[in-house]
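To be precise, the following lines are entry-v2.cif, and they hold mmCIF, C-alpha atoms and all ligand atoms.
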```cif
data_upload
loop_
_atom_site.group_PDB
_atom_site.id
_atom_site.type_symbol
_atom_site.label_atom_id
_atom_site.label_comp_id
_atom_site.auth_asym_id
_atom_site.auth_seq_id
_atom_site.Cartn_x
_atom_site.Cartn_y
_atom_site.Cartn_z
ATOM 1 C CA MET A 1 -56.935 81.949 -138.686
ATOM 2 C CA LEU A 2 -57.984 85.519 -138.042
ATOM 3 C CA GLU A 3 -57.332 87.535 -141.212
ATOM 4 C CA THR A 4 -58.803 90.875 -140.246
ATOM 5 C CA LEU A 5 -59.179 92.708 -136.986
ATOM 6 C CA GLU A 6 -60.635 96.113 -136.178
ATOM 7 C CA ILE A 7 -59.461 98.012 -133.125
ATOM 8 C CA LYS A 8 -60.613 101.450 -132.058
ATOM 9 C CA THR A 9 -58.278 103.681 -130.070
ATOM 10 C CA THR A 10 -59.585 106.821 -128.392
ATOM 11 C CA SER A 11 -56.294 108.647 -127.730
ATOM 12 C CA PRO A 12 -52.676 108.702 -128.898
ATOM 13 C CA ALA A 13 -51.815 106.877 -125.652
ATOM 14 C CA GLU A 14 -54.131 104.033 -126.627
ATOM 15 C CA THR A 15 -52.519 103.864 -130.045
ATOM 16 C CA GLU A 16 -49.188 103.607 -128.227
ATOM 17 C CA ARG A 17 -50.519 100.714 -126.186
ATOM 18 C CA LEU A 18 -51.591 98.976 -129.385
ATOM 19 C CA ALA A 19 -48.149 99.536 -130.910
ATOM 20 C CA GLY A 20 -46.608 98.164 -127.699
ATOM 21 C CA ILE A 21 -48.549 94.941 -128.196
ATOM 22 C CA PHE A 22 -47.297 94.721 -131.759
ATOM 23 C CA ALA A 23 -43.760 95.307 -130.489
ATOM 24 C CA LYS A 24 -43.990 92.026 -128.553
ATOM 25 C CA ASN A 25 -44.950 90.116 -131.691
ATOM 26 C CA ILE A 26 -42.537 91.364 -134.328
ATOM 27 C CA PHE A 27 -39.738 89.474 -136.091
ATOM 28 C CA PRO A 28 -37.117 90.259 -138.761
ATOM 29 C CA GLY A 29 -38.669 90.269 -142.213
ATOM 30 C CA LEU A 30 -41.979 91.620 -140.986
ATOM 31 C CA VAL A 31 -43.496 94.384 -143.109
ATOM 32 C CA PHE A 32 -46.162 96.851 -141.952
ATOM 33 C CA ALA A 33 -48.007 98.620 -144.774
ATOM 34 C CA LEU A 34 -49.608 101.709 -143.261
ATOM 35 C CA SER A 35 -52.312 103.739 -144.922
ATOM 36 C CA GLY A 36 -54.599 106.531 -143.837
ATOM 37 C CA ASP A 37 -54.964 110.263 -144.466
ATOM 38 C CA LEU A 38 -52.443 112.829 -143.299
ATOM 39 C CA GLY A 39 -52.767 113.025 -139.524
ATOM 40 C CA ALA A 40 -54.369 109.593 -139.218
ATOM 41 C CA GLY A 41 -51.601 108.332 -136.944
ATOM 42 C CA LYS A 42 -49.233 106.305 -139.130
ATOM 43 C CA THR A 43 -46.105 107.964 -137.757
ATOM 44 C CA THR A 44 -47.486 107.927 -134.211
ATOM 45 C CA PHE A 45 -47.885 104.159 -134.531
ATOM 46 C CA VAL A 46 -44.391 103.607 -135.968
ATOM 47 C CA ARG A 47 -42.790 105.861 -133.328
ATOM 48 C CA ALA A 48 -44.474 103.941 -130.509
ATOM 49 C CA LEU A 49 -43.509 100.623 -132.095
ATOM 50 C CA VAL A 50 -39.839 101.632 -132.303
ATOM 51 C CA HIS A 51 -39.786 103.086 -128.793
ATOM 52 C CA ALA A 52 -41.515 100.043 -127.328
ATOM 53 C CA THR A 53 -38.575 97.908 -128.429
ATOM 54 C CA GLY A 54 -36.197 99.992 -126.330
ATOM 55 C CA ASN A 55 -34.904 102.249 -129.096
ATOM 56 C CA GLN A 56 -35.186 105.838 -127.924
ATOM 57 C CA GLU A 57 -34.288 107.469 -131.237
ATOM 58 C CA ILE A 58 -36.290 110.343 -132.678
ATOM 59 C CA VAL A 59 -38.879 108.932 -135.067
ATOM 60 C CA ASN A 60 -40.387 111.302 -137.599
ATOM 61 C CA SER A 61 -41.893 110.833 -141.017
ATOM 62 C CA PRO A 62 -39.047 110.586 -143.518
ATOM 63 C CA THR A 63 -41.012 112.678 -145.967
ATOM 64 C CA PHE A 64 -38.084 114.149 -147.849
ATOM 65 C CA THR A 65 -35.623 111.275 -147.603
ATOM 66 C CA LEU A 66 -38.192 108.464 -148.189
ATOM 67 C CA LEU A 67 -36.353 106.262 -145.663
ATOM 68 C CA ASN A 68 -35.164 106.472 -142.050
ATOM 69 C CA VAL A 69 -33.325 103.653 -140.313
ATOM 70 C CA TYR A 70 -33.388 103.186 -136.550
ATOM 71 C CA GLY A 71 -31.923 100.993 -133.886
ATOM 72 C CA LYS A 72 -30.575 97.508 -133.799
ATOM 73 C CA ASN A 73 -32.037 94.389 -132.257
ATOM 74 C CA PRO A 74 -34.354 94.937 -133.969
ATOM 75 C CA LYS A 75 -33.514 97.361 -136.701
ATOM 76 C CA PHE A 76 -36.332 99.384 -138.302
ATOM 77 C CA TYR A 77 -36.641 100.635 -141.877
ATOM 78 C CA HIS A 78 -39.221 103.426 -141.961
ATOM 79 C CA PHE A 79 -40.454 104.560 -145.364
ATOM 80 C CA ASP A 80 -42.839 107.409 -146.113
ATOM 81 C CA LEU A 81 -43.897 107.413 -149.753
ATOM 82 C CA TYR A 82 -46.158 110.472 -149.623
ATOM 83 C CA ARG A 83 -43.869 112.381 -151.958
ATOM 84 C CA LEU A 84 -42.705 109.450 -154.047
ATOM 85 C CA SER A 85 -42.819 110.477 -157.686
ATOM 86 C CA ALA A 86 -41.145 107.527 -159.397
ATOM 87 C CA LEU A 87 -40.459 103.931 -158.424
ATOM 88 C CA GLU A 88 -36.934 104.593 -159.623
ATOM 89 C CA ASP A 89 -36.321 106.795 -156.574
ATOM 90 C CA LEU A 90 -36.945 103.765 -154.384
ATOM 91 C CA GLU A 91 -34.737 101.533 -156.500
ATOM 92 C CA ASN A 92 -31.941 104.066 -156.106
ATOM 93 C CA ILE A 93 -31.950 103.667 -152.341
ATOM 94 C CA GLY A 94 -32.034 99.881 -152.535
ATOM 95 C CA ALA A 95 -35.571 99.649 -151.211
ATOM 96 C CA GLU A 96 -36.314 96.307 -152.791
ATOM 97 C CA GLU A 97 -33.807 94.631 -150.460
ATOM 98 C CA LEU A 98 -35.641 96.148 -147.506
ATOM 99 C CA ILE A 99 -39.214 95.178 -148.426
ATOM 100 C CA PRO A 100 -38.895 92.765 -146.721
ATOM 101 C CA ALA A 101 -35.550 93.191 -144.945
ATOM 102 C CA THR A 102 -33.577 90.171 -143.759
ATOM 103 C CA ASP A 103 -32.314 91.966 -140.663
ATOM 104 C CA GLY A 104 -35.142 94.151 -139.477
ATOM 105 C CA ILE A 105 -38.716 95.331 -139.518
ATOM 106 C CA THR A 106 -40.033 97.476 -142.353
ATOM 107 C CA CYS A 107 -42.753 100.098 -141.866
ATOM 108 C CA ILE A 108 -44.104 101.804 -144.987
ATOM 109 C CA GLU A 109 -46.374 104.846 -144.803
ATOM 110 C CA TRP A 110 -48.486 105.220 -147.981
ATOM 111 C CA ALA A 111 -47.618 101.660 -149.029
ATOM 112 C CA GLU A 112 -50.637 101.665 -151.361
ATOM 113 C CA ARG A 113 -48.511 103.756 -153.724
ATOM 114 C CA ILE A 114 -46.231 100.829 -154.530
ATOM 115 C CA PRO A 115 -48.465 97.811 -155.125
ATOM 116 C CA GLU A 116 -46.006 96.515 -157.726
ATOM 117 C CA ILE A 117 -43.230 95.976 -155.200
ATOM 118 C CA MET A 118 -45.190 94.878 -152.153
ATOM 119 C CA PRO A 119 -44.033 91.448 -150.972
ATOM 120 C CA GLU A 120 -46.022 88.244 -150.623
ATOM 121 C CA ASN A 121 -46.358 88.588 -146.848
ATOM 122 C CA TYR A 122 -47.186 91.695 -144.892
ATOM 123 C CA LEU A 123 -49.555 93.263 -142.413
ATOM 124 C CA GLN A 124 -51.846 95.948 -143.738
ATOM 125 C CA VAL A 125 -52.657 98.664 -141.194
ATOM 126 C CA SER A 126 -55.345 101.086 -142.385
ATOM 127 C CA ILE A 127 -56.079 103.923 -139.997
ATOM 128 C CA ASN A 128 -59.325 105.872 -140.190
ATOM 129 C CA SER A 129 -59.912 109.091 -138.258
ATOM 130 C CA LEU A 130 -63.276 108.935 -136.513
ATOM 131 C CA ASP A 131 -62.965 112.191 -134.615
ATOM 132 C CA GLU A 132 -60.206 114.327 -133.134
ATOM 133 C CA ASN A 133 -58.885 111.619 -130.821
ATOM 134 C CA SER A 134 -60.427 108.390 -132.083
ATOM 135 C CA ARG A 135 -58.985 106.163 -134.744
ATOM 136 C CA LEU A 136 -60.234 102.914 -136.236
ATOM 137 C CA PHE A 137 -57.375 100.529 -137.017
ATOM 138 C CA VAL A 138 -58.305 97.993 -139.667
ATOM 139 C CA LEU A 139 -55.661 95.260 -139.614
ATOM 140 C CA LYS A 140 -55.427 92.723 -142.396
ATOM 141 C CA THR A 141 -52.968 89.881 -142.926
ATOM 142 C CA ILE A 142 -51.639 89.397 -146.436
ATOM 143 C CA GLY A 143 -49.971 85.991 -146.687
ATOM 144 C CA LYS A 144 -48.085 84.749 -143.657
ATOM 145 C CA THR A 145 -47.437 87.511 -141.148
ATOM 146 C CA ILE A 146 -48.241 88.465 -137.543
ATOM 147 C CA GLU A 147 -50.976 86.358 -135.961
ATOM 148 C CA LEU A 148 -53.854 88.726 -135.375
ATOM 149 C CA GLU A 149 -55.423 86.311 -132.901
ATOM 150 C CA ARG A 150 -52.544 87.040 -130.525
ATOM 151 C CA ILE A 151 -52.888 90.794 -131.005
ATOM 152 C CA LYS A 152 -56.603 90.573 -130.290
ATOM 153 C CA LYS A 153 -56.087 88.545 -127.114
ATOM 154 C CA GLN A 154 -53.391 90.876 -125.813
ATOM 155 C CA TRP A 155 -55.430 93.981 -126.680
ATOM 156 C CA LEU A 156 -58.431 92.660 -124.749
ATOM 157 C CA SER A 157 -56.441 91.513 -121.717
HETATM 158 P P1 LIG B 1 -49.673 110.462 -140.160
HETATM 159 O O1 LIG B 1 -48.294 109.895 -140.065
HETATM 160 O O2 LIG B 1 -50.723 109.425 -140.458
HETATM 161 O O3 LIG B 1 -49.775 111.630 -141.103
HETATM 162 P P2 LIG B 1 -49.204 111.427 -137.455
HETATM 163 O O4 LIG B 1 -48.947 110.202 -136.640
HETATM 164 O O5 LIG B 1 -48.039 112.240 -137.866
HETATM 165 O O6 LIG B 1 -50.091 111.018 -138.741
HETATM 166 O O7 LIG B 1 -50.219 112.373 -136.688
HETATM 167 C C1 LIG B 1 -51.338 111.884 -136.009
HETATM 168 C C2 LIG B 1 -51.893 113.026 -135.177
HETATM 169 O O8 LIG B 1 -53.163 112.653 -134.634
HETATM 170 C C3 LIG B 1 -50.982 113.340 -133.995
HETATM 171 O O9 LIG B 1 -50.994 114.725 -133.776
HETATM 172 C C4 LIG B 1 -51.660 112.596 -132.848
HETATM 173 O O10 LIG B 1 -51.407 113.189 -131.581
HETATM 174 C C5 LIG B 1 -53.119 112.750 -133.231
HETATM 175 N N1 LIG B 1 -54.015 111.721 -132.662
HETATM 176 C C6 LIG B 1 -55.173 112.001 -132.011
HETATM 177 N N2 LIG B 1 -55.771 110.879 -131.613
HETATM 178 C C7 LIG B 1 -54.986 109.836 -132.016
HETATM 179 C C8 LIG B 1 -55.084 108.425 -131.878
HETATM 180 N N3 LIG B 1 -56.128 107.813 -131.280
HETATM 181 N N4 LIG B 1 -54.088 107.682 -132.399
HETATM 182 C C9 LIG B 1 -53.059 108.260 -133.029
HETATM 183 N N5 LIG B 1 -52.898 109.590 -133.191
HETATM 184 C C10 LIG B 1 -53.859 110.391 -132.691
HETATM 185 MG MG MG B 2 -46.529 110.294 -141.241
#
```
How does the structure come out when it is put into structure tokens?
Ligand code: ADP
Ligand code: MG
Amino acid sequence: MLETLEIKTTSPAETERLAGIFAKNIFPGLVFALSGDLGAGKTTFVRALVHATGNQEIVNSPTFTLLNVYGKNPKFYHFDLYRLSALEDLENIGAEELIPATDGITCIEWAERIPEIMPENYLQVSINSLDENSRLFVLKTIGKTIELERIKKQWLS
């Protein structure tokens, strides 16, 4: 089983294509843990993922609210923990029930800030800026999650 995969995108449009491939392979309970500097492309990836499933809602980083919820079939729970100061703030919004969620897909920007409540199974998406328009996506499966072999095949086809 393929546990890590590196994919380089050279434009936001290519990152959208990658997210579109993920959109075909998602299922309720799936968790994406996104990391990378400000401007790496975490929100760009989540936005494209949500839009690729037919939800046309506005997707922005929920920096001040910690959580945005979009769509149905599937539903998305979008966290941004950049400004998280205490785990308690997450508990107050019932985050533990949503990581993972029974009825939707969870995307967490800055997930590395909450190692203590990360679940057993998730997909780690680390995004590295190479230059203005190029990004290296380092994908890593933790436990049982999306099959990276399928993502690789679809990316190359
Ligand atoms: P983050 O959520 O990680 O802070 P954003 O997604 O908000 O980052 O911003 C990423 C910025 O980088 C956007 O302005 C986007 O247009 C730009 N960008 C340039 N090249 C890429 C690429 N290959 N993939 C994703 N975003 C890119
Ligand atoms: Mg963001």
Q | Distance of atom CA of Leu34 of chain A from atom CA of Met1 of chain A, expressed in Å to one decimal place | A |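 Separation of atom CA of Met1 of chain A and atom CA of Leu34 of chain A: 21.6 Å.
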Q: Mind checking which residues fall within 9 Å of Lys140 of chain A, counting only C-alpha atoms, ignoring those fewer than 6 positions away in the same chain, and posting them as a list in words?
A: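 Skipping anything fewer than 6 positions along the chain leaves Leu2, Glu3, Thr4, Leu5, Glu6, Tyr122, Leu123, Gln124, Val125, Ser126 and Leu148 of chain A.
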Q: Can you pull out every residue within 8 Å of segment 62-64 of chain A, counting all atoms listed in the file, but drop anything in the same chain fewer than 6 positions away, and send it as a PyMOL selection string?
A: chain A and resi 78-83
Can you tell me, as lines of an AutoDock Vina configuration file, the centre and edge lengths (Å, one decimal) of the axis-aligned box enclosing all of segment 95-102 of chain A's listed atoms after padding each side by 5 Å?
```
center_x = -36.4
center_y = 94.9
center_z = -148.3
size_x = 15.6
size_y = 19.5
size_z = 19.0
```
Q: Measuring atom to atom with all atoms listed in the file, identify which of A:Thr43, A:Thr53, A:Asn128, A:Asn121 is nearest to Ala23 of chain A.
A: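 Among the listed residues, the smallest separation from Ala23 of chain A belongs to A:Thr53.
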Q | Answer as a ChimeraX atom specification, residues within 9 Å of (-55.9, 110.2, -146.2) using all atoms listed in the file | A | /A:35-40,127-129
For ligand LIG 1 (chain B), collect every residue having any atom at a distance of at most 9 Å from a ligand atom (counting all atoms listed in the file); output as a PDB file with C-alpha atoms, in the coordinates of the input.
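Written output follows (out.pdb):
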```
ATOM      1  CA  LYS A   8     -60.613 101.450-132.058  1.00  0.00           C
ATOM      2  CA  THR A   9     -58.278 103.681-130.070  1.00  0.00           C
ATOM      3  CA  THR A  10     -59.585 106.821-128.392  1.00  0.00           C
ATOM      4  CA  SER A  11     -56.294 108.647-127.730  1.00  0.00           C
ATOM      5  CA  PRO A  12     -52.676 108.702-128.898  1.00  0.00           C
ATOM      6  CA  ALA A  13     -51.815 106.877-125.652  1.00  0.00           C
ATOM      7  CA  GLU A  14     -54.131 104.033-126.627  1.00  0.00           C
ATOM      8  CA  THR A  15     -52.519 103.864-130.045  1.00  0.00           C
ATOM      9  CA  GLU A  16     -49.188 103.607-128.227  1.00  0.00           C
ATOM     10  CA  LEU A  34     -49.608 101.709-143.261  1.00  0.00           C
ATOM     11  CA  SER A  35     -52.312 103.739-144.922  1.00  0.00           C
ATOM     12  CA  GLY A  36     -54.599 106.531-143.837  1.00  0.00           C
ATOM     13  CA  ASP A  37     -54.964 110.263-144.466  1.00  0.00           C
ATOM     14  CA  LEU A  38     -52.443 112.829-143.299  1.00  0.00           C
ATOM     15  CA  GLY A  39     -52.767 113.025-139.524  1.00  0.00           C
ATOM     16  CA  ALA A  40     -54.369 109.593-139.218  1.00  0.00           C
ATOM     17  CA  GLY A  41     -51.601 108.332-136.944  1.00  0.00           C
ATOM     18  CA  LYS A  42     -49.233 106.305-139.130  1.00  0.00           C
ATOM     19  CA  THR A  43     -46.105 107.964-137.757  1.00  0.00           C
ATOM     20  CA  THR A  44     -47.486 107.927-134.211  1.00  0.00           C
ATOM     21  CA  PHE A  45     -47.885 104.159-134.531  1.00  0.00           C
ATOM     22  CA  VAL A  46     -44.391 103.607-135.968  1.00  0.00           C
ATOM     23  CA  ARG A  47     -42.790 105.861-133.328  1.00  0.00           C
ATOM     24  CA  ASN A  60     -40.387 111.302-137.599  1.00  0.00           C
ATOM     25  CA  SER A  61     -41.893 110.833-141.017  1.00  0.00           C
ATOM     26  CA  ASP A  80     -42.839 107.409-146.113  1.00  0.00           C
ATOM     27  CA  GLU A 109     -46.374 104.846-144.803  1.00  0.00           C
ATOM     28  CA  TRP A 110     -48.486 105.220-147.981  1.00  0.00           C
ATOM     29  CA  ILE A 127     -56.079 103.923-139.997  1.00  0.00           C
ATOM     30  CA  SER A 129     -59.912 109.091-138.258  1.00  0.00           C
ATOM     31  CA  LEU A 130     -63.276 108.935-136.513  1.00  0.00           C
ATOM     32  CA  ASP A 131     -62.965 112.191-134.615  1.00  0.00           C
ATOM     33  CA  GLU A 132     -60.206 114.327-133.134  1.00  0.00           C
ATOM     34  CA  ASN A 133     -58.885 111.619-130.821  1.00  0.00           C
ATOM     35  CA  SER A 134     -60.427 108.390-132.083  1.00  0.00           C
ATOM     36  CA  ARG A 135     -58.985 106.163-134.744  1.00  0.00           C
ATOM     37  CA  LEU A 136     -60.234 102.914-136.236  1.00  0.00           C
TER      38      LEU A 136
END
```
Limit the output to C-alpha atoms and give segment 3-124 of chain A as a CSV table (one decimal), in the first residue's frame.
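Contents of the output file out_34.csv:
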```csv
chain,number,residue,atom,x,y,z
A,3,GLU,CA,1.7,5.5,2.2
A,4,THR,CA,3.2,8.6,0.9
A,5,LEU,CA,2.9,10.5,-2.4
A,6,GLU,CA,4.5,13.7,-3.6
A,7,ILE,CA,2.7,15.8,-6.3
A,8,LYS,CA,4.0,19.1,-7.7
A,9,THR,CA,1.4,21.6,-9.0
A,10,THR,CA,2.6,24.6,-11.0
A,11,SER,CA,-0.5,26.8,-10.8
A,12,PRO,CA,-3.7,27.2,-8.7
A,13,ALA,CA,-5.6,25.5,-11.6
A,14,GLU,CA,-3.4,22.4,-11.2
A,15,THR,CA,-4.1,22.4,-7.5
A,16,GLU,CA,-7.8,22.5,-8.4
A,17,ARG,CA,-7.3,19.5,-10.7
A,18,LEU,CA,-5.7,17.6,-7.8
A,19,ALA,CA,-8.5,18.6,-5.5
A,20,GLY,CA,-11.0,17.4,-8.1
A,21,ILE,CA,-9.3,14.0,-8.1
A,22,PHE,CA,-9.6,13.9,-4.3
A,23,ALA,CA,-13.3,14.9,-4.7
A,24,LYS,CA,-13.9,11.6,-6.5
A,25,ASN,CA,-12.4,9.6,-3.7
A,26,ILE,CA,-13.9,11.0,-0.6
A,27,PHE,CA,-16.3,9.4,1.9
A,28,PRO,CA,-18.0,10.5,5.2
A,29,GLY,CA,-15.6,10.3,8.1
A,30,LEU,CA,-12.6,11.2,6.0
A,31,VAL,CA,-10.3,13.8,7.6
A,32,PHE,CA,-7.8,16.0,5.8
A,33,ALA,CA,-5.1,17.5,8.0
A,34,LEU,CA,-3.6,20.4,6.0
A,35,SER,CA,-0.4,22.1,6.9
A,36,GLY,CA,1.9,24.6,5.2
A,37,ASP,CA,2.8,28.3,5.7
A,38,LEU,CA,0.4,31.1,5.1
A,39,GLY,CA,-0.3,31.3,1.4
A,40,ALA,CA,0.8,27.7,0.8
A,41,GLY,CA,-2.6,26.8,-0.7
A,42,LYS,CA,-4.5,25.1,2.1
A,43,THR,CA,-7.7,27.1,1.5
A,44,THR,CA,-7.3,26.9,-2.2
A,45,PHE,CA,-7.3,23.1,-2.0
A,46,VAL,CA,-10.3,23.0,0.3
A,47,ARG,CA,-12.3,25.4,-1.8
A,48,ALA,CA,-11.6,23.4,-5.0
A,49,LEU,CA,-12.5,20.1,-3.1
A,50,VAL,CA,-15.9,21.6,-2.0
A,51,HIS,CA,-16.7,23.1,-5.4
A,52,ALA,CA,-15.7,19.9,-7.2
A,53,THR,CA,-18.5,18.1,-5.3
A,54,GLY,CA,-21.1,20.4,-6.7
A,55,ASN,CA,-21.4,22.8,-3.8
A,56,GLN,CA,-21.0,26.3,-5.0
A,57,GLU,CA,-20.8,28.0,-1.6
A,58,ILE,CA,-18.2,30.6,-0.8
A,59,VAL,CA,-15.2,28.9,0.8
A,60,ASN,CA,-12.9,31.0,2.8
A,61,SER,CA,-10.6,30.3,5.8
A,62,PRO,CA,-12.7,30.4,8.9
A,63,THR,CA,-9.9,32.2,10.7
A,64,PHE,CA,-12.1,34.0,13.3
A,65,THR,CA,-14.8,31.4,13.7
A,66,LEU,CA,-12.5,28.3,13.7
A,67,LEU,CA,-15.2,26.4,11.8
A,68,ASN,CA,-17.2,26.7,8.6
A,69,VAL,CA,-19.8,24.2,7.4
A,70,TYR,CA,-20.8,23.8,3.8
A,71,GLY,CA,-23.1,21.8,1.6
A,72,LYS,CA,-24.8,18.5,2.0
A,73,ASN,CA,-24.2,15.2,0.2
A,74,PRO,CA,-21.4,15.5,1.2
A,75,LYS,CA,-21.2,18.0,4.0
A,76,PHE,CA,-17.9,19.6,4.8
A,77,TYR,CA,-16.5,20.8,8.1
A,78,HIS,CA,-13.7,23.3,7.5
A,79,PHE,CA,-11.5,24.2,10.4
A,80,ASP,CA,-8.7,26.8,10.5
A,81,LEU,CA,-6.7,26.6,13.7
A,82,TYR,CA,-4.3,29.4,12.9
A,83,ARG,CA,-5.6,31.5,15.8
A,84,LEU,CA,-6.5,28.7,18.1
A,85,SER,CA,-5.3,29.6,21.6
A,86,ALA,CA,-6.8,26.9,23.7
A,87,LEU,CA,-8.1,23.4,23.0
A,88,GLU,CA,-11.1,24.4,25.1
A,89,ASP,CA,-12.3,26.7,22.3
A,90,LEU,CA,-12.6,23.7,20.1
A,91,GLU,CA,-14.4,21.7,22.7
A,92,ASN,CA,-16.9,24.5,23.0
A,93,ILE,CA,-17.9,24.2,19.4
A,94,GLY,CA,-18.2,20.4,19.6
A,95,ALA,CA,-15.2,19.8,17.4
A,96,GLU,CA,-14.5,16.4,18.8
A,97,GLU,CA,-17.7,15.0,17.2
A,98,LEU,CA,-16.5,16.4,13.9
A,99,ILE,CA,-12.9,15.0,13.8
A,100,PRO,CA,-14.0,12.6,12.3
A,101,ALA,CA,-17.6,13.5,11.5
A,102,THR,CA,-20.1,10.7,10.9
A,103,ASP,CA,-22.0,12.7,8.2
A,104,GLY,CA,-19.3,14.5,6.3
A,105,ILE,CA,-15.7,15.3,5.4
A,106,THR,CA,-13.5,17.3,7.7
A,107,CYS,CA,-10.7,19.6,6.5
A,108,ILE,CA,-8.4,21.1,9.1
A,109,GLU,CA,-6.0,23.8,8.3
A,110,TRP,CA,-3.1,23.9,10.8
A,111,ALA,CA,-4.0,20.5,12.1
A,112,GLU,CA,-0.5,20.1,13.6
A,113,ARG,CA,-1.7,22.4,16.4
A,114,ILE,CA,-4.0,19.7,17.8
A,115,PRO,CA,-2.0,16.5,17.8
A,116,GLU,CA,-3.8,15.4,21.0
A,117,ILE,CA,-7.2,15.2,19.3
A,118,MET,CA,-6.3,14.0,15.9
A,119,PRO,CA,-8.1,10.7,15.1
A,120,GLU,CA,-6.6,7.3,14.3
A,121,ASN,CA,-7.2,7.7,10.6
A,122,TYR,CA,-6.6,10.7,8.4
A,123,LEU,CA,-4.8,12.0,5.4
A,124,GLN,CA,-2.0,14.4,6.0
```
